[in-house]
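See structure below.
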Amino acid sequence: MFKKCLTAVMFVTLLAWTATAQDAKTVISSASKAMGADNLRTVEYSGVGADFAFGQAMTPGSPWPKFIDKTYTRTINFETPASRMSRVRMQGEYPQRGGGGQPVVGEVTQNQVIVVNANTPWAQQLEIWMTPYGFLKAAAANNATVKSQTVGGKKYNVLTFTGQNKAQVNGYINDQNMVERVETWIDNNVLGDMPFDAVYTEYLDFGGVKFPRRIVQRQGGAPILDLVVLDVKPNAPANIQPPQAPAGGGGAAPPATTSQKLADGVYLILPAYAALAVDFKDGIVVIEGPQSEERAGAIIAEAKKVIPNKPIKYVVNTHAHFDHAGGLRTFVAEGATIVTHEINKPYFERIFAAPHTLGPDKLAQSKAKLSIETMTDKKVMTDGNHVIELYQLHTNFHNDGLIVAYLPKEKILVEADSFNPPAQPNAPAPAVINLNNVNLLDNINRLKLDVQTIIPIHYPADARRVTMTELFTAVGKSGS
Ligand SMILES: [Zn+2]
């Protein structure tokens, strides 16, 4: 009896699977036909809207800061495959709030070219495969399955295939046979298995091809692009060439990690993103755990080299922007306690608990526990010999939890994003004064800090010593 039942179950399961596979082909071909995708080899679409700087929020958990896209054009060649995007961007936050290179002065042209080859990261390829047409082509090529699903009272055929990063890619086909939404997950240093989705609405006919008038892409739960499409050119010429490698530097390995002794037990670790290592009696204090596991690992190794036989006890985090927090997980795996502004604690606790299955990092593989010490306006770290004073920057435009570190004995100030010095030491004062620079100087004056050396986390490539003179020049007060 049991055996008979099992056979029956297996048969039914197999039948359902076969039917599903067949249905997926039907769903793809119906959608392709309805959308005019069958003979679409390339497409160029253009419009206006906004893009948003991922990982650069003013407050942890708030939406990414906005920039105006005065023009936006994307050309996709599905056969190469390749994609080229060009846009003219302007400042979008008034007053400026958050990172991502704010303030944008005037109109700035940005280009992105992706020519898919064997080494192209999947997350980049998704700019092609997550478009409605790219999705249908990828679903057909990757043996997609289909199931029916009701979302918000609306019924969809949901096509699913597995991406190169092993995450599911799901496309929601509505009752008009239009691709209304595509979702997947990609690995992020800070957020782990991060949702990436695109919503396509208000389909219109452009020369026999149906194209959405509105495109909203989101990463980590907030928009990164919100575009109103004004024009679509099906099968426009799309001879997209890979960008030329920069002269002399194409494919070169990044410069090796080095360090300079600034004072007794105080070391500057370069190149940018820079970090400071301070030799406390019972362990090393590192200021900033930036970027990635790779960069954080290099900083940890250099700190242990110059301060041997001591653990990394603390990592001071200047703020939660992902380029400055992207290496924190590596420090936690190393056993370090994070010191950060208190507004970051609930955020870090939430995101550090997120799964990292797509790109398992050291912390995901270790059993290290997250340990966070917080501060509000001021915190002093000392071992009785070295002193590190941490201060929140009042009324700054960059991040609500932005802190600087000041070493009173050495008269060193470590700051992130408040003053990114120009490449050349004697650069003239900028035509437009950067309010972040003004705010840093205001805070230095308010706190009466006697700064002789500035350590910008975004350290200039020439590794020169940066003094207050450069900050005075930047805010138009040279000679002060
Ligand atoms: Zn920042």
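Ordered as shown in the structure tokens, chains take letters A, B, and onward, while each chain numbers its residues from 1 and ligands are numbered from 1 in the order shown.
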Residues of range 9-118 of chain A that have any atom at most 8 Å from an atom of range 229-232 of chain A: could you tabulate them with the shortest-distance atom pair and the distance in Å to one decimal, using only C-alpha atoms, ordered by chain and increasing number, as a tab-separated table?
```
residue	atom	partner	partner_atom	distance
A:Val43	CA	A:Val232	CA	7.1
A:Glu44	CA	A:Val232	CA	5.7
A:Tyr45	CA	A:Val232	CA	4.3
A:Ser46	CA	A:Asp231	CA	5.4
A:Gly47	CA	A:Val229	CA	4.3
A:Val48	CA	A:Val229	CA	6.8
```
Can I get the residues of chain A within 10 Å of ligand 1, each with the closest pair of atoms and their distance in Å to one decimal, using only C-alpha atoms and all ligand atoms, sorted chain first then ascending number, as CSV?
```
residue,atom,partner,partner_atom_place_in_ligand_line,distance
A:Gly55,CA,ligand 1,1 (Zn),8.7
A:Gln56,CA,ligand 1,1 (Zn),6.2
A:Ala57,CA,ligand 1,1 (Zn),8.4
A:Met58,CA,ligand 1,1 (Zn),8.7
A:Gly98,CA,ligand 1,1 (Zn),7.1
A:Gly99,CA,ligand 1,1 (Zn),5.0
A:Gly100,CA,ligand 1,1 (Zn),7.2
A:Gly101,CA,ligand 1,1 (Zn),8.6
A:Gln102,CA,ligand 1,1 (Zn),9.7
A:Thr318,CA,ligand 1,1 (Zn),8.5
A:His319,CA,ligand 1,1 (Zn),6.7
A:Ala320,CA,ligand 1,1 (Zn),7.4
A:His321,CA,ligand 1,1 (Zn),4.9
A:Phe322,CA,ligand 1,1 (Zn),7.8
A:Asp323,CA,ligand 1,1 (Zn),7.2
A:His324,CA,ligand 1,1 (Zn),6.8
A:Ala325,CA,ligand 1,1 (Zn),9.4
A:His398,CA,ligand 1,1 (Zn),6.3
A:Asn399,CA,ligand 1,1 (Zn),6.7
A:Leu402,CA,ligand 1,1 (Zn),8.2
A:Ala416,CA,ligand 1,1 (Zn),6.7
A:Asp417,CA,ligand 1,1 (Zn),5.4
A:Ser418,CA,ligand 1,1 (Zn),8.4
```
One-decimal distance in Å that lies between CA of Ala140 in chain A and CA of Asp38 in chain A: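 Going from CA of Asp38 in chain A over to CA of Ala140 in chain A covers 11.7 Å.
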Nearest to Phe206 in chain A, chosen from A:Phe348, A:Gly36, A:Ala144, A:Lys477, with only C-alpha atoms counted in the distances: A:Gly36
Would you mind writing down, as a PyMOL selection string, each residue of range 146-207 of chain A that DSSP on the backbone assigns to strand (DSSP E)? chain A and resi 146-151+154-162+168-173+179-188+192-206
Each residue of range 363-416 of chain A with at least one atom at most 12 Å from range 286-305 of chain A should appear once, together with its nearest atom pair and the corresponding distance in Å (one decimal); atoms considered: only C-alpha atoms; ordering: chain, then increasing residue number; output as a Markdown table.
```
| residue | atom | partner | partner_atom | distance |
| --- | --- | --- | --- | --- |
| A:Leu363 | CA | A:Glu293 | CA | 9.7 |
| A:Ala364 | CA | A:Glu293 | CA | 11.8 |
| A:Met381 | CA | A:Ile287 | CA | 11.7 |
| A:Ile388 | CA | A:Ile287 | CA | 9.8 |
| A:Glu389 | CA | A:Ile287 | CA | 11.5 |
| A:Leu390 | CA | A:Ile287 | CA | 10.4 |
| A:Ile403 | CA | A:Ile287 | CA | 10.9 |
| A:Val404 | CA | A:Ile287 | CA | 9.5 |
| A:Ala405 | CA | A:Ile287 | CA | 7.8 |
| A:Tyr406 | CA | A:Ile287 | CA | 10.6 |
| A:Leu407 | CA | A:Ile287 | CA | 11.4 |
| A:Leu413 | CA | A:Ile287 | CA | 10.9 |
| A:Val414 | CA | A:Ile287 | CA | 8.0 |
| A:Glu415 | CA | A:Ile287 | CA | 9.7 |
| A:Ala416 | CA | A:Glu288 | CA | 9.0 |
```
Pick out the residues sitting within 7 Å of Asn235 in chain A, and hand them over as a list in words; count only C-alpha atoms, and ignore anything fewer than 5 positions along from it in its own chain. Leu40, Arg41, Thr42 and Val43 of chain A
Write to file, as a short mmCIF file (atom, residue, chain, number, x, y, z; two decimals), in the first residue's frame, the residues of the selection just made, with N, CA and C atoms.
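Wrote it out as part.cif, contents follow:
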```
data_model
loop_
_atom_site.label_atom_id
_atom_site.label_comp_id
_atom_site.auth_asym_id
_atom_site.auth_seq_id
_atom_site.Cartn_x
_atom_site.Cartn_y
_atom_site.Cartn_z
N LEU A 40 13.49 41.73 -31.45
CA LEU A 40 14.21 42.85 -30.85
C LEU A 40 15.65 42.44 -30.53
N ARG A 41 16.59 43.00 -31.27
CA ARG A 41 18.00 42.67 -31.05
C ARG A 41 18.68 43.73 -30.18
N THR A 42 18.22 44.98 -30.34
CA THR A 42 18.75 46.07 -29.52
C THR A 42 17.60 47.00 -29.15
N VAL A 43 17.83 47.81 -28.15
CA VAL A 43 16.86 48.84 -27.82
C VAL A 43 17.60 50.03 -27.20
#
```
Spatial neighbours of Gln452 in chain A, 7 Å, only C-alpha atoms, chain gap at least 3 places, as a CSV table (one decimal) with N, CA, C and O atoms, in the first residue's frame:
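Below you can see part-v6.csv, which holds the result:
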```csv
chain,number,residue,atom,x,y,z
A,411,LYS,N,48.0,66.0,18.1
A,411,LYS,CA,47.3,67.1,17.4
A,411,LYS,C,46.9,66.6,16.0
A,411,LYS,O,47.1,67.3,15.0
A,412,ILE,N,46.4,65.4,15.9
A,412,ILE,CA,46.0,64.7,14.7
A,412,ILE,C,44.5,64.6,14.7
A,412,ILE,O,43.9,64.2,15.7
A,467,THR,N,47.6,69.6,6.1
A,467,THR,CA,47.6,70.5,7.3
A,467,THR,C,46.3,71.4,7.2
A,467,THR,O,45.6,71.4,6.2
A,468,MET,N,46.1,72.2,8.2
A,468,MET,CA,45.0,73.1,8.2
A,468,MET,C,45.0,74.1,7.1
A,468,MET,O,44.0,74.6,6.6
```
Test item: residues at most 12 Å from Asn239 in chain A, only C-alpha atoms, excluding those fewer than 5 positions along its chain, as a VMD selection string: chain A and resid 41 to 44 75 to 84 113 to 115
Write a file of the just-selected residues containing all heavy atoms, as a CSV table (one decimal), in the first residue's frame.
```csv
chain,number,residue,atom,x,y,z
A,41,ARG,N,16.6,43.0,-31.3
A,41,ARG,CA,18.0,42.7,-31.0
A,41,ARG,C,18.7,43.7,-30.2
A,41,ARG,O,19.6,43.4,-29.4
A,41,ARG,CB,18.7,42.6,-32.4
A,41,ARG,CG,18.2,41.4,-33.3
A,41,ARG,CD,18.9,41.4,-34.6
A,41,ARG,NE,18.9,42.7,-35.3
A,41,ARG,CZ,17.9,43.3,-35.9
A,41,ARG,NH1,16.7,42.7,-36.0
A,41,ARG,NH2,18.0,44.5,-36.5
A,42,THR,N,18.2,45.0,-30.3
A,42,THR,CA,18.8,46.1,-29.5
A,42,THR,C,17.6,47.0,-29.2
A,42,THR,O,16.5,47.0,-29.8
A,42,THR,CB,19.8,46.9,-30.3
A,42,THR,OG1,19.1,47.7,-31.2
A,42,THR,CG2,20.8,46.1,-31.0
A,43,VAL,N,17.8,47.8,-28.1
A,43,VAL,CA,16.9,48.8,-27.8
A,43,VAL,C,17.6,50.0,-27.2
A,43,VAL,O,18.6,49.9,-26.5
A,43,VAL,CB,15.8,48.3,-26.9
A,43,VAL,CG1,16.3,48.0,-25.5
A,43,VAL,CG2,14.6,49.3,-26.7
A,44,GLU,N,17.1,51.2,-27.5
A,44,GLU,CA,17.7,52.4,-26.9
A,44,GLU,C,16.5,53.2,-26.3
A,44,GLU,O,15.5,53.4,-27.0
A,44,GLU,CB,18.4,53.3,-27.9
A,44,GLU,CG,19.0,54.6,-27.3
A,44,GLU,CD,19.6,55.5,-28.4
A,44,GLU,OE1,20.6,55.0,-29.0
A,44,GLU,OE2,19.1,56.6,-28.6
A,75,THR,N,21.3,52.2,-23.9
A,75,THR,CA,21.3,51.4,-25.2
A,75,THR,C,21.7,50.0,-24.8
A,75,THR,O,22.7,49.8,-24.1
A,75,THR,CB,22.3,51.9,-26.2
A,75,THR,OG1,22.0,53.3,-26.3
A,75,THR,CG2,22.1,51.2,-27.5
A,76,ILE,N,20.9,49.0,-25.2
A,76,ILE,CA,21.2,47.6,-24.9
A,76,ILE,C,21.3,46.8,-26.2
A,76,ILE,O,20.4,46.9,-27.0
A,76,ILE,CB,20.2,47.0,-23.9
A,76,ILE,CG1,20.1,47.8,-22.6
A,76,ILE,CG2,20.5,45.5,-23.6
A,76,ILE,CD1,19.1,47.3,-21.6
A,77,ASN,N,22.4,46.0,-26.3
A,77,ASN,CA,22.5,45.1,-27.4
A,77,ASN,C,22.4,43.7,-26.7
A,77,ASN,O,23.2,43.3,-26.0
A,77,ASN,CB,23.9,45.3,-28.1
A,77,ASN,CG,24.0,44.4,-29.3
A,77,ASN,OD1,23.4,43.3,-29.3
A,77,ASN,ND2,24.7,44.9,-30.3
A,78,PHE,N,21.2,43.0,-27.0
A,78,PHE,CA,21.0,41.7,-26.4
A,78,PHE,C,21.8,40.6,-27.0
A,78,PHE,O,22.0,39.6,-26.4
A,78,PHE,CB,19.5,41.4,-26.5
A,78,PHE,CG,18.6,42.3,-25.8
A,78,PHE,CD1,17.8,43.2,-26.5
A,78,PHE,CD2,18.5,42.3,-24.4
A,78,PHE,CE1,17.0,44.1,-25.8
A,78,PHE,CE2,17.7,43.2,-23.7
A,78,PHE,CZ,16.9,44.1,-24.4
A,79,GLU,N,22.4,40.9,-28.2
A,79,GLU,CA,23.1,39.8,-28.9
A,79,GLU,C,24.6,39.8,-28.4
A,79,GLU,O,25.2,38.7,-28.3
A,79,GLU,CB,23.1,40.0,-30.4
A,79,GLU,CG,21.7,39.7,-30.9
A,79,GLU,CD,21.5,40.0,-32.4
A,79,GLU,OE1,22.2,40.8,-32.9
A,79,GLU,OE2,20.6,39.3,-33.0
A,80,THR,N,25.2,41.0,-28.1
A,80,THR,CA,26.6,41.0,-27.7
A,80,THR,C,26.9,40.1,-26.5
A,80,THR,O,27.8,39.3,-26.6
A,80,THR,CB,27.1,42.4,-27.5
A,80,THR,OG1,26.7,43.2,-28.6
A,80,THR,CG2,28.6,42.5,-27.3
A,81,PRO,N,26.2,40.2,-25.3
A,81,PRO,CA,25.4,41.3,-24.9
A,81,PRO,C,26.2,42.5,-24.3
A,81,PRO,O,27.3,42.3,-23.8
A,81,PRO,CB,24.5,40.6,-23.7
A,81,PRO,CG,25.1,39.2,-23.5
A,81,PRO,CD,26.4,39.1,-24.3
A,82,ALA,N,25.5,43.7,-24.4
A,82,ALA,CA,26.2,44.9,-23.9
A,82,ALA,C,25.2,45.9,-23.6
A,82,ALA,O,24.1,45.9,-24.0
A,82,ALA,CB,27.2,45.4,-25.0
A,83,SER,N,25.6,46.9,-22.7
A,83,SER,CA,24.8,48.0,-22.3
A,83,SER,C,25.6,49.2,-22.2
A,83,SER,O,26.7,49.2,-21.7
A,83,SER,CB,24.1,47.6,-21.0
A,83,SER,OG,23.6,48.8,-20.4
A,84,ARG,N,25.0,50.4,-22.6
A,84,ARG,CA,25.7,51.7,-22.4
A,84,ARG,C,24.7,52.7,-21.9
A,84,ARG,O,23.6,52.8,-22.4
A,84,ARG,CB,26.3,52.1,-23.8
A,84,ARG,CG,27.0,53.5,-23.7
A,84,ARG,CD,27.5,53.9,-25.1
A,84,ARG,NE,26.4,54.0,-26.0
A,84,ARG,CZ,26.5,53.6,-27.3
A,84,ARG,NH1,27.6,53.1,-27.8
A,84,ARG,NH2,25.5,53.7,-28.1
A,113,VAL,N,29.5,51.7,-19.2
A,113,VAL,CA,29.5,50.7,-20.3
A,113,VAL,C,29.8,49.3,-19.8
A,113,VAL,O,30.7,49.1,-19.0
A,113,VAL,CB,30.6,51.1,-21.4
A,113,VAL,CG1,30.7,50.0,-22.5
A,113,VAL,CG2,30.3,52.4,-22.0
A,114,ILE,N,28.9,48.4,-20.2
A,114,ILE,CA,29.0,47.0,-19.8
A,114,ILE,C,29.0,46.1,-21.0
A,114,ILE,O,28.1,46.1,-21.8
A,114,ILE,CB,27.9,46.5,-18.9
A,114,ILE,CG1,27.8,47.4,-17.6
A,114,ILE,CG2,28.0,45.0,-18.5
A,114,ILE,CD1,26.5,47.3,-16.9
A,115,VAL,N,30.2,45.5,-21.3
A,115,VAL,CA,30.2,44.5,-22.4
A,115,VAL,C,30.5,43.2,-21.8
A,115,VAL,O,31.5,43.0,-21.2
A,115,VAL,CB,31.3,44.9,-23.4
A,115,VAL,CG1,31.4,43.8,-24.5
A,115,VAL,CG2,31.1,46.3,-24.0
```
